[in-house]
>>> print(open('upload_16.tsv').read())   # TSV, N, CA and C atoms
chain	number	residue	atom	x	y	z
A	340	MET	N	-92.09	-67.88	18.89
A	340	MET	CA	-92.36	-66.51	19.27
A	340	MET	C	-92.40	-65.66	18.00
A	341	ARG	N	-93.34	-64.75	17.95
A	341	ARG	CA	-93.44	-63.88	16.79
A	341	ARG	C	-92.37	-62.81	16.86
A	342	SER	N	-91.81	-62.46	15.71
A	342	SER	CA	-90.75	-61.46	15.67
A	342	SER	C	-91.29	-60.04	15.85
A	343	GLY	N	-92.52	-59.82	15.63
A	343	GLY	CA	-93.10	-58.48	15.73
A	343	GLY	C	-93.59	-58.14	17.12
A	344	SER	N	-93.40	-59.00	18.11
A	344	SER	CA	-93.95	-58.75	19.43
A	344	SER	C	-93.14	-57.76	20.25
A	345	GLY	N	-91.86	-57.48	19.86
A	345	GLY	CA	-91.05	-56.53	20.60
A	345	GLY	C	-90.35	-57.14	21.79
A	346	VAL	N	-90.56	-58.44	22.03
A	346	VAL	CA	-89.91	-59.10	23.15
A	346	VAL	C	-88.89	-60.08	22.59
A	347	SER	N	-87.65	-59.98	23.05
A	347	SER	CA	-86.61	-60.88	22.58
A	347	SER	C	-86.70	-62.20	23.32
A	348	SER	N	-85.86	-63.14	22.93
A	348	SER	CA	-85.90	-64.45	23.55
A	348	SER	C	-85.45	-64.40	25.01
A	349	SER	N	-84.75	-63.36	25.42
A	349	SER	CA	-84.32	-63.25	26.81
A	349	SER	C	-85.40	-62.61	27.69
A	350	GLY	N	-86.50	-62.20	27.10
A	350	GLY	CA	-87.60	-61.64	27.86
A	350	GLY	C	-87.54	-60.12	28.00
A	351	ARG	N	-86.56	-59.47	27.42
A	351	ARG	CA	-86.45	-58.01	27.51
A	351	ARG	C	-87.18	-57.37	26.35
A	352	ARG	N	-87.64	-56.16	26.57
A	352	ARG	CA	-88.35	-55.43	25.53
A	352	ARG	C	-87.40	-54.52	24.79
A	353	GLY	N	-87.35	-54.63	23.48
A	353	GLY	CA	-86.60	-53.71	22.62
A	353	GLY	C	-85.10	-53.76	22.81
A	354	ALA	N	-84.38	-53.04	21.98
A	354	ALA	CA	-82.93	-53.01	22.02
A	354	ALA	C	-82.42	-52.12	23.15
A	355	ALA	N	-83.19	-51.14	23.57
A	355	ALA	CA	-82.73	-50.20	24.60
A	355	ALA	C	-82.58	-50.88	25.95
A	356	ALA	N	-83.37	-51.90	26.23
A	356	ALA	CA	-83.29	-52.57	27.51
A	356	ALA	C	-82.01	-53.38	27.65
A	357	SER	N	-81.44	-53.85	26.56
A	357	SER	CA	-80.24	-54.67	26.66
A	357	SER	C	-78.96	-53.85	26.57
A	358	ALA	N	-79.05	-52.60	26.19
A	358	ALA	CA	-77.86	-51.76	26.05
A	358	ALA	C	-77.40	-51.28	27.42
A	359	GLU	N	-76.10	-51.45	27.70
A	359	GLU	CA	-75.54	-50.96	28.95
A	359	GLU	C	-74.91	-49.60	28.71
A	360	PRO	N	-74.91	-48.73	29.72
A	360	PRO	CA	-74.27	-47.43	29.52
A	360	PRO	C	-72.77	-47.59	29.28
A	361	ALA	N	-72.17	-46.62	28.65
A	361	ALA	CA	-70.75	-46.69	28.32
A	361	ALA	C	-69.87	-46.27	29.49
A	362	PHE	N	-70.46	-45.95	30.63
A	362	PHE	CA	-69.68	-45.50	31.78
A	362	PHE	C	-70.31	-46.00	33.07
A	363	THR	N	-69.55	-45.91	34.16
A	363	THR	CA	-70.05	-46.20	35.49
A	363	THR	C	-69.84	-44.97	36.36
A	364	ARG	N	-70.46	-44.94	37.50
A	364	ARG	CA	-70.29	-43.85	38.46
A	364	ARG	C	-69.74	-44.44	39.77
A	365	PRO	N	-68.46	-44.84	39.76
A	365	PRO	CA	-67.91	-45.52	40.93
A	365	PRO	C	-67.72	-44.60	42.14
A	366	ALA	N	-67.69	-43.29	41.94
A	366	ALA	CA	-67.49	-42.37	43.06
A	366	ALA	C	-68.80	-42.02	43.75
A	367	LEU	N	-69.93	-42.51	43.24
A	367	LEU	CA	-71.22	-42.13	43.83
A	367	LEU	C	-71.38	-42.67	45.25
A	368	ALA	N	-71.13	-43.95	45.46
A	368	ALA	CA	-71.30	-44.54	46.79
A	368	ALA	C	-70.33	-43.93	47.81
A	369	PRO	N	-69.02	-43.86	47.53
A	369	PRO	CA	-68.15	-43.24	48.53
A	369	PRO	C	-68.41	-41.74	48.69
A	370	GLY	N	-68.86	-41.07	47.63
A	370	GLY	CA	-69.19	-39.65	47.75
A	370	GLY	C	-70.40	-39.43	48.65
A	371	LEU	N	-71.42	-40.26	48.49
A	371	LEU	CA	-72.60	-40.14	49.36
A	371	LEU	C	-72.27	-40.52	50.80
A	372	LEU	N	-71.44	-41.55	50.97
A	372	LEU	CA	-71.05	-41.96	52.32
A	372	LEU	C	-70.23	-40.85	53.00
A	373	THR	N	-69.36	-40.21	52.25
A	373	THR	CA	-68.59	-39.09	52.79
A	373	THR	C	-69.52	-37.96	53.20
A	374	ALA	N	-70.51	-37.66	52.38
A	374	ALA	CA	-71.47	-36.60	52.71
A	374	ALA	C	-72.25	-36.93	53.98
A	375	VAL	N	-72.63	-38.18	54.14
A	375	VAL	CA	-73.36	-38.59	55.35
A	375	VAL	C	-72.48	-38.43	56.58
A	376	VAL	N	-71.22	-38.86	56.49
A	376	VAL	CA	-70.29	-38.72	57.62
A	376	VAL	C	-70.09	-37.25	57.95
A	377	LEU	N	-69.88	-36.43	56.94
A	377	LEU	CA	-69.65	-35.00	57.17
A	377	LEU	C	-70.85	-34.34	57.85
A	378	LEU	N	-72.05	-34.64	57.38
A	378	LEU	CA	-73.24	-34.02	57.95
A	378	LEU	C	-73.59	-34.58	59.32
A	379	ALA	N	-73.38	-35.87	59.51
A	379	ALA	CA	-73.73	-36.50	60.78
A	379	ALA	C	-72.79	-36.06	61.91
A	380	CYS	N	-71.59	-35.68	61.56
A	380	CYS	CA	-70.58	-35.38	62.58
A	380	CYS	C	-70.30	-33.89	62.74
A	381	VAL	N	-71.19	-33.04	62.29
A	381	VAL	CA	-71.00	-31.60	62.47
A	381	VAL	C	-70.97	-31.27	63.96
A	382	ALA	N	-71.73	-31.98	64.76
A	382	ALA	CA	-71.78	-31.71	66.20
A	382	ALA	C	-70.47	-32.09	66.91
A	383	LEU	N	-69.65	-32.92	66.30
A	383	LEU	CA	-68.40	-33.35	66.93
A	383	LEU	C	-67.23	-32.41	66.67
A	384	VAL	N	-67.44	-31.36	65.88
A	384	VAL	CA	-66.36	-30.43	65.55
A	384	VAL	C	-65.80	-29.83	66.83
A	385	GLY	N	-64.48	-29.91	66.98
A	385	GLY	CA	-63.82	-29.34	68.14
A	385	GLY	C	-63.70	-30.28	69.33
A	386	SER	N	-64.33	-31.46	69.27
A	386	SER	CA	-64.23	-32.40	70.38
A	386	SER	C	-63.15	-33.45	70.08
A	387	GLY	N	-62.87	-34.28	71.06
A	387	GLY	CA	-61.86	-35.32	70.92
A	387	GLY	C	-62.16	-36.33	69.83
A	388	PRO	N	-63.38	-36.84	69.74
A	388	PRO	CA	-63.69	-37.84	68.70
A	388	PRO	C	-63.66	-37.31	67.27
A	389	PHE	N	-63.52	-35.99	67.11
A	389	PHE	CA	-63.50	-35.42	65.75
A	389	PHE	C	-62.30	-35.91	64.96
A	390	VAL	N	-61.23	-36.33	65.65
A	390	VAL	CA	-60.06	-36.85	64.94
A	390	VAL	C	-60.43	-38.12	64.16
A	391	PHE	N	-61.34	-38.93	64.68
A	391	PHE	CA	-61.78	-40.13	63.96
A	391	PHE	C	-62.61	-39.76	62.74
A	392	VAL	N	-63.38	-38.68	62.86
A	392	VAL	CA	-64.14	-38.18	61.71
A	392	VAL	C	-63.16	-37.73	60.63
A	393	ARG	N	-62.11	-37.03	61.04
A	393	ARG	CA	-61.11	-36.57	60.08
A	393	ARG	C	-60.44	-37.74	59.37
A	394	TRP	N	-60.13	-38.81	60.10
A	394	TRP	CA	-59.55	-40.00	59.47
A	394	TRP	C	-60.50	-40.59	58.44
A	395	GLY	N	-61.76	-40.77	58.83
A	395	GLY	CA	-62.75	-41.35	57.92
A	395	GLY	C	-62.96	-40.52	56.68
A	396	VAL	N	-63.08	-39.22	56.85
A	396	VAL	CA	-63.30	-38.33	55.71
A	396	VAL	C	-62.08	-38.35	54.80
A	397	THR	N	-60.89	-38.36	55.38
A	397	THR	CA	-59.67	-38.39	54.57
A	397	THR	C	-59.58	-39.66	53.73
A	398	VAL	N	-59.87	-40.79	54.33
A	398	VAL	CA	-59.81	-42.07	53.59
A	398	VAL	C	-60.87	-42.09	52.49
A	399	LEU	N	-62.08	-41.69	52.80
A	399	LEU	CA	-63.14	-41.67	51.78
A	399	LEU	C	-62.82	-40.68	50.66
A	400	ALA	N	-62.23	-39.54	51.02
A	400	ALA	CA	-61.85	-38.55	50.00
A	400	ALA	C	-60.74	-39.11	49.10
A	401	LEU	N	-59.83	-39.89	49.66
A	401	LEU	CA	-58.79	-40.52	48.84
A	401	LEU	C	-59.41	-41.52	47.86
A	402	ILE	N	-60.43	-42.25	48.30
A	402	ILE	CA	-61.11	-43.20	47.41
A	402	ILE	C	-61.79	-42.44	46.26
A	403	VAL	N	-62.48	-41.36	46.59
A	403	VAL	CA	-63.13	-40.54	45.56
A	403	VAL	C	-62.08	-39.94	44.64
A	404	LEU	N	-60.94	-39.54	45.19
A	404	LEU	CA	-59.86	-38.97	44.39
A	404	LEU	C	-59.36	-39.98	43.35
A	405	VAL	N	-59.21	-41.23	43.74
A	405	VAL	CA	-58.76	-42.26	42.79
A	405	VAL	C	-59.77	-42.41	41.65
A	406	PHE	N	-61.05	-42.44	41.98
A	406	PHE	CA	-62.07	-42.57	40.93
A	406	PHE	C	-62.13	-41.33	40.05
A	407	ALA	N	-61.91	-40.15	40.63
A	407	ALA	CA	-61.90	-38.93	39.83
A	407	ALA	C	-60.71	-38.92	38.87
A	408	VAL	N	-59.58	-39.44	39.30
A	408	VAL	CA	-58.41	-39.54	38.41
A	408	VAL	C	-58.70	-40.52	37.29
A	409	ARG	N	-59.30	-41.66	37.62
A	409	ARG	CA	-59.64	-42.65	36.58
A	409	ARG	C	-60.64	-42.10	35.59
A	410	GLY	N	-61.54	-41.21	36.05
A	410	GLY	CA	-62.54	-40.63	35.16
A	410	GLY	C	-62.11	-39.33	34.52
A	411	HIS	N	-60.89	-38.88	34.79
A	411	HIS	CA	-60.36	-37.63	34.23
A	411	HIS	C	-61.28	-36.44	34.54
A	412	ASN	N	-61.82	-36.41	35.75
A	412	ASN	CA	-62.69	-35.33	36.18
A	412	ASN	C	-61.87	-34.38	37.04
A	413	TRP	N	-61.45	-33.26	36.47
A	413	TRP	CA	-60.52	-32.37	37.15
A	413	TRP	C	-61.17	-31.64	38.31
A	414	ILE	N	-62.45	-31.37	38.23
A	414	ILE	CA	-63.14	-30.73	39.36
A	414	ILE	C	-63.21	-31.70	40.53
A	415	GLY	N	-63.50	-32.95	40.25
A	415	GLY	CA	-63.53	-33.96	41.30
A	415	GLY	C	-62.17	-34.15	41.94
A	416	ILE	N	-61.11	-34.10	41.12
A	416	ILE	CA	-59.76	-34.22	41.65
A	416	ILE	C	-59.46	-33.05	42.58
A	417	ALA	N	-59.84	-31.85	42.17
A	417	ALA	CA	-59.58	-30.66	42.99
A	417	ALA	C	-60.35	-30.70	44.31
A	418	VAL	N	-61.63	-31.05	44.25
A	418	VAL	CA	-62.45	-31.09	45.46
A	418	VAL	C	-61.93	-32.14	46.43
A	419	ALA	N	-61.69	-33.35	45.94
A	419	ALA	CA	-61.21	-34.42	46.81
A	419	ALA	C	-59.82	-34.09	47.35
A	420	GLY	N	-58.97	-33.49	46.52
A	420	GLY	CA	-57.63	-33.13	46.97
A	420	GLY	C	-57.65	-32.09	48.08
A	421	VAL	N	-58.49	-31.09	47.95
A	421	VAL	CA	-58.61	-30.06	48.99
A	421	VAL	C	-59.11	-30.67	50.29
A	422	VAL	N	-60.08	-31.57	50.21
A	422	VAL	CA	-60.61	-32.21	51.41
A	422	VAL	C	-59.55	-33.10	52.06
A	423	VAL	N	-58.78	-33.81	51.25
A	423	VAL	CA	-57.71	-34.65	51.80
A	423	VAL	C	-56.72	-33.79	52.58
A	424	VAL	N	-56.37	-32.64	52.05
A	424	VAL	CA	-55.40	-31.77	52.73
A	424	VAL	C	-56.01	-31.15	53.99
A	425	LEU	N	-57.23	-30.62	53.90
A	425	LEU	CA	-57.84	-29.95	55.05
A	425	LEU	C	-58.22	-30.90	56.19
A	426	TRP	N	-58.72	-32.08	55.86
A	426	TRP	CA	-59.19	-33.00	56.89
A	426	TRP	C	-58.09	-33.97	57.35
A	427	ASN	N	-56.89	-33.84	56.82
A	427	ASN	CA	-55.79	-34.72	57.19
A	427	ASN	C	-55.52	-34.62	58.69
A	428	PRO	N	-55.65	-35.74	59.43
A	428	PRO	CA	-55.45	-35.67	60.88
A	428	PRO	C	-53.97	-35.67	61.29
A	429	LEU	N	-53.07	-36.04	60.40
A	429	LEU	CA	-51.65	-36.09	60.75
A	429	LEU	C	-51.02	-34.71	60.79
A	430	VAL	N	-51.33	-33.87	59.83
A	430	VAL	CA	-50.84	-32.49	59.79
A	430	VAL	C	-52.07	-31.59	59.86
A	431	ALA	N	-52.52	-31.34	61.07
A	431	ALA	CA	-53.77	-30.61	61.28
A	431	ALA	C	-53.59	-29.13	60.97
A	432	ILE	N	-54.49	-28.62	60.17
A	432	ILE	CA	-54.54	-27.20	59.85
A	432	ILE	C	-55.51	-26.55	60.84
A	433	PRO	N	-55.03	-25.56	61.61
A	433	PRO	CA	-55.91	-24.94	62.61
A	433	PRO	C	-57.02	-24.10	61.96
A	434	VAL	N	-58.25	-24.52	62.18
A	434	VAL	CA	-59.41	-23.81	61.64
A	434	VAL	C	-60.40	-23.65	62.80
A	435	PRO	N	-60.97	-22.45	63.00
A	435	PRO	CA	-61.95	-22.26	64.08
A	435	PRO	C	-63.18	-23.17	63.91
A	436	GLY	N	-63.83	-23.47	65.03
A	436	GLY	CA	-64.94	-24.42	65.06
A	436	GLY	C	-66.10	-24.09	64.14
A	437	GLN	N	-66.54	-22.83	64.10
A	437	GLN	CA	-67.68	-22.49	63.25
A	437	GLN	C	-67.32	-22.57	61.77
A	438	VAL	N	-66.07	-22.28	61.45
A	438	VAL	CA	-65.63	-22.42	60.06
A	438	VAL	C	-65.61	-23.89	59.68
A	439	TRP	N	-65.15	-24.76	60.61
A	439	TRP	CA	-65.17	-26.20	60.34
A	439	TRP	C	-66.58	-26.69	60.08
A	440	ALA	N	-67.53	-26.24	60.90
A	440	ALA	CA	-68.92	-26.67	60.73
A	440	ALA	C	-69.44	-26.25	59.35
A	441	ALA	N	-69.10	-25.05	58.93
A	441	ALA	CA	-69.53	-24.60	57.60
A	441	ALA	C	-68.83	-25.40	56.51
A	442	LEU	N	-67.53	-25.67	56.71
A	442	LEU	CA	-66.80	-26.48	55.73
A	442	LEU	C	-67.36	-27.90	55.62
A	443	GLN	N	-67.83	-28.44	56.74
A	443	GLN	CA	-68.43	-29.78	56.71
A	443	GLN	C	-69.64	-29.81	55.77
A	444	VAL	N	-70.49	-28.80	55.87
A	444	VAL	CA	-71.70	-28.74	55.04
A	444	VAL	C	-71.34	-28.50	53.57
A	445	VAL	N	-70.41	-27.59	53.32
A	445	VAL	CA	-69.99	-27.30	51.95
A	445	VAL	C	-69.33	-28.53	51.32
A	446	ALA	N	-68.47	-29.20	52.08
A	446	ALA	CA	-67.81	-30.40	51.56
A	446	ALA	C	-68.82	-31.52	51.30
A	447	ALA	N	-69.83	-31.64	52.13
A	447	ALA	CA	-70.86	-32.68	51.90
A	447	ALA	C	-71.57	-32.43	50.57
A	448	ALA	N	-71.96	-31.19	50.32
A	448	ALA	CA	-72.61	-30.86	49.05
A	448	ALA	C	-71.67	-31.11	47.88
A	449	ALA	N	-70.41	-30.76	48.05
A	449	ALA	CA	-69.43	-30.96	46.98
A	449	ALA	C	-69.23	-32.45	46.69
A	450	PHE	N	-69.21	-33.30	47.71
A	450	PHE	CA	-69.03	-34.73	47.47
A	450	PHE	C	-70.24	-35.36	46.81
A	451	ILE	N	-71.42	-34.86	47.10
A	451	ILE	CA	-72.61	-35.36	46.38
A	451	ILE	C	-72.48	-35.02	44.90
A	452	ALA	N	-72.08	-33.79	44.61
A	452	ALA	CA	-71.92	-33.38	43.21
A	452	ALA	C	-70.82	-34.17	42.52
A	453	VAL	N	-69.70	-34.35	43.19
A	453	VAL	CA	-68.58	-35.11	42.59
A	453	VAL	C	-69.00	-36.55	42.34
A	454	GLY	N	-69.71	-37.14	43.28
A	454	GLY	CA	-70.17	-38.52	43.10
A	454	GLY	C	-71.06	-38.67	41.87
A	455	ILE	N	-71.86	-37.67	41.58
A	455	ILE	CA	-72.73	-37.71	40.41
A	455	ILE	C	-71.95	-37.41	39.13
A	456	LEU	N	-71.00	-36.49	39.20
A	456	LEU	CA	-70.31	-36.03	38.00
A	456	LEU	C	-69.18	-36.94	37.52
A	457	VAL	N	-68.57	-37.70	38.42
A	457	VAL	CA	-67.45	-38.54	38.01
A	457	VAL	C	-67.97	-39.76	37.26
A	458	LYS	N	-67.55	-39.89	36.01
A	458	LYS	CA	-67.92	-41.01	35.17
A	458	LYS	C	-66.65	-41.70	34.70
A	459	VAL	N	-66.60	-43.00	34.89
A	459	VAL	CA	-65.45	-43.78	34.44
A	459	VAL	C	-65.92	-44.67	33.30
A	460	PRO	N	-65.23	-44.62	32.16
A	460	PRO	CA	-65.65	-45.46	31.02
A	460	PRO	C	-65.56	-46.95	31.36
A	461	ARG	N	-66.52	-47.71	30.84
A	461	ARG	CA	-66.49	-49.16	31.03
A	461	ARG	C	-65.39	-49.76	30.17
A	462	ASP	N	-64.77	-50.78	30.70
A	462	ASP	CA	-63.78	-51.54	29.92
A	462	ASP	C	-64.51	-52.66	29.20
A	463	ASP	N	-64.50	-52.62	27.89
A	463	ASP	CA	-65.21	-53.64	27.10
A	463	ASP	C	-64.31	-54.83	26.78
A	464	VAL	N	-63.17	-54.89	27.40
A	464	VAL	CA	-62.22	-55.99	27.11
A	464	VAL	C	-62.62	-57.21	27.85
>>> encode(input="upload_16.tsv", output="structure tokens")
Amino acid sequence: MRSGSGVSSSGRRGAAASAEPAFTRPALAPGLLTAVVLLACVALVGSGPFVFVRWGVTVLALIVLVFAVRGHNWIGIAVAGVVVVLWNPLVAIPVPGQVWAALQVVAAAAFIAVGILVKVPRDDV
């Protein structure tokens, strides 16, 4: 193989193709999943099955919270922490139905942003 062709022996082009980013975005998948649950279940606010939505959102927010702590993202920690407290089904905070519906949409947007913003450095060990 000619050295001037720009293709390495592994079949990749140039040095940029083989370089891996120095970070991962582990909160992206749980953040997007939380946003989907929040938006899909806006109609359940105030009904009996909403307690299951609260459990799911709380667990997913705890997962995002762990990744935000690992990535030292203080905004992500604050957002996930507030959602864990508000959506906690064990110690329910009384909030009117229309406010809950608005909070569902706001929290969904916040989790999309947190999922994108939380970066955890790769371990090169």
>>> residues_around(input="upload_16.tsv", residues="stretch 434-438 of chain A", least_positions_apart="5", cutoff="12 Å", atoms="only C-alpha atoms", output="PyMOL selection string")
chain A and resi 381-386+389+425-426+443-446
>>> write_last_selection(input="upload_16.tsv", atoms="N, CA and C atoms", output="PDB file, in the frame of the given file")
ATOM      1  N   VAL A 381     -71.190 -33.040  62.290  1.00  0.00           N
ATOM      2  CA  VAL A 381     -71.000 -31.600  62.470  1.00  0.00           C
ATOM      3  C   VAL A 381     -70.970 -31.270  63.960  1.00  0.00           C
ATOM      4  N   ALA A 382     -71.730 -31.980  64.760  1.00  0.00           N
ATOM      5  CA  ALA A 382     -71.780 -31.710  66.200  1.00  0.00           C
ATOM      6  C   ALA A 382     -70.470 -32.090  66.910  1.00  0.00           C
ATOM      7  N   LEU A 383     -69.650 -32.920  66.300  1.00  0.00           N
ATOM      8  CA  LEU A 383     -68.400 -33.350  66.930  1.00  0.00           C
ATOM      9  C   LEU A 383     -67.230 -32.410  66.670  1.00  0.00           C
ATOM     10  N   VAL A 384     -67.440 -31.360  65.880  1.00  0.00           N
ATOM     11  CA  VAL A 384     -66.360 -30.430  65.550  1.00  0.00           C
ATOM     12  C   VAL A 384     -65.800 -29.830  66.830  1.00  0.00           C
ATOM     13  N   GLY A 385     -64.480 -29.910  66.980  1.00  0.00           N
ATOM     14  CA  GLY A 385     -63.820 -29.340  68.140  1.00  0.00           C
ATOM     15  C   GLY A 385     -63.700 -30.280  69.330  1.00  0.00           C
ATOM     16  N   SER A 386     -64.330 -31.460  69.270  1.00  0.00           N
ATOM     17  CA  SER A 386     -64.230 -32.400  70.380  1.00  0.00           C
ATOM     18  C   SER A 386     -63.150 -33.450  70.080  1.00  0.00           C
ATOM     19  N   PHE A 389     -63.520 -35.990  67.110  1.00  0.00           N
ATOM     20  CA  PHE A 389     -63.500 -35.420  65.750  1.00  0.00           C
ATOM     21  C   PHE A 389     -62.300 -35.910  64.960  1.00  0.00           C
ATOM     22  N   LEU A 425     -57.230 -30.620  53.900  1.00  0.00           N
ATOM     23  CA  LEU A 425     -57.840 -29.950  55.050  1.00  0.00           C
ATOM     24  C   LEU A 425     -58.220 -30.900  56.190  1.00  0.00           C
ATOM     25  N   TRP A 426     -58.720 -32.080  55.860  1.00  0.00           N
ATOM     26  CA  TRP A 426     -59.190 -33.000  56.890  1.00  0.00           C
ATOM     27  C   TRP A 426     -58.090 -33.970  57.350  1.00  0.00           C
ATOM     28  N   GLN A 443     -67.830 -28.440  56.740  1.00  0.00           N
ATOM     29  CA  GLN A 443     -68.430 -29.780  56.710  1.00  0.00           C
ATOM     30  C   GLN A 443     -69.640 -29.810  55.770  1.00  0.00           C
ATOM     31  N   VAL A 444     -70.490 -28.800  55.870  1.00  0.00           N
ATOM     32  CA  VAL A 444     -71.700 -28.740  55.040  1.00  0.00           C
ATOM     33  C   VAL A 444     -71.340 -28.500  53.570  1.00  0.00           C
ATOM     34  N   VAL A 445     -70.410 -27.590  53.320  1.00  0.00           N
ATOM     35  CA  VAL A 445     -69.990 -27.300  51.950  1.00  0.00           C
ATOM     36  C   VAL A 445     -69.330 -28.530  51.320  1.00  0.00           C
ATOM     37  N   ALA A 446     -68.470 -29.200  52.080  1.00  0.00           N
ATOM     38  CA  ALA A 446     -67.810 -30.400  51.560  1.00  0.00           C
ATOM     39  C   ALA A 446     -68.820 -31.520  51.300  1.00  0.00           C
TER      40      ALA A 446
END
>>> atom_distance(input="upload_16.tsv", atom1="atom C of A:Pro428", atom2="atom N of A:Asn412")
26.7 Å
>>> atom_distance(input="upload_16.tsv", atom1="atom N of A:Trp413", atom2="atom N of A:Arg461")
16.3 Å
>>> atom_distance(input="upload_16.tsv", atom1="atom N of A:Val421", atom2="atom CA of A:Val459")
19.8 Å
>>> closest_residue(input="upload_16.tsv", among="A:Ala379, A:Pro388, A:Val424, A:Pro369", to="A:Val405", atoms="only C-alpha atoms")
A:Pro369
>>> select_by_dssp(input="upload_16.tsv", residues="chain A", states="alpha helix (DSSP H)", output="JSON, numbers by chain")
{"A": [367, 368, 369, 370, 371, 372, 373, 374, 375, 376, 377, 378, 379, 389, 390, 391, 392, 393, 394, 395, 396, 397, 398, 399, 400, 401, 402, 403, 404, 405, 406, 407, 408, 409, 413, 414, 415, 416, 417, 418, 419, 420, 421, 422, 423, 424, 425, 426, 436, 437, 438, 439, 440, 441, 442, 443, 444, 445, 446, 447, 448, 449, 450, 451, 452, 453, 454, 455, 456]}
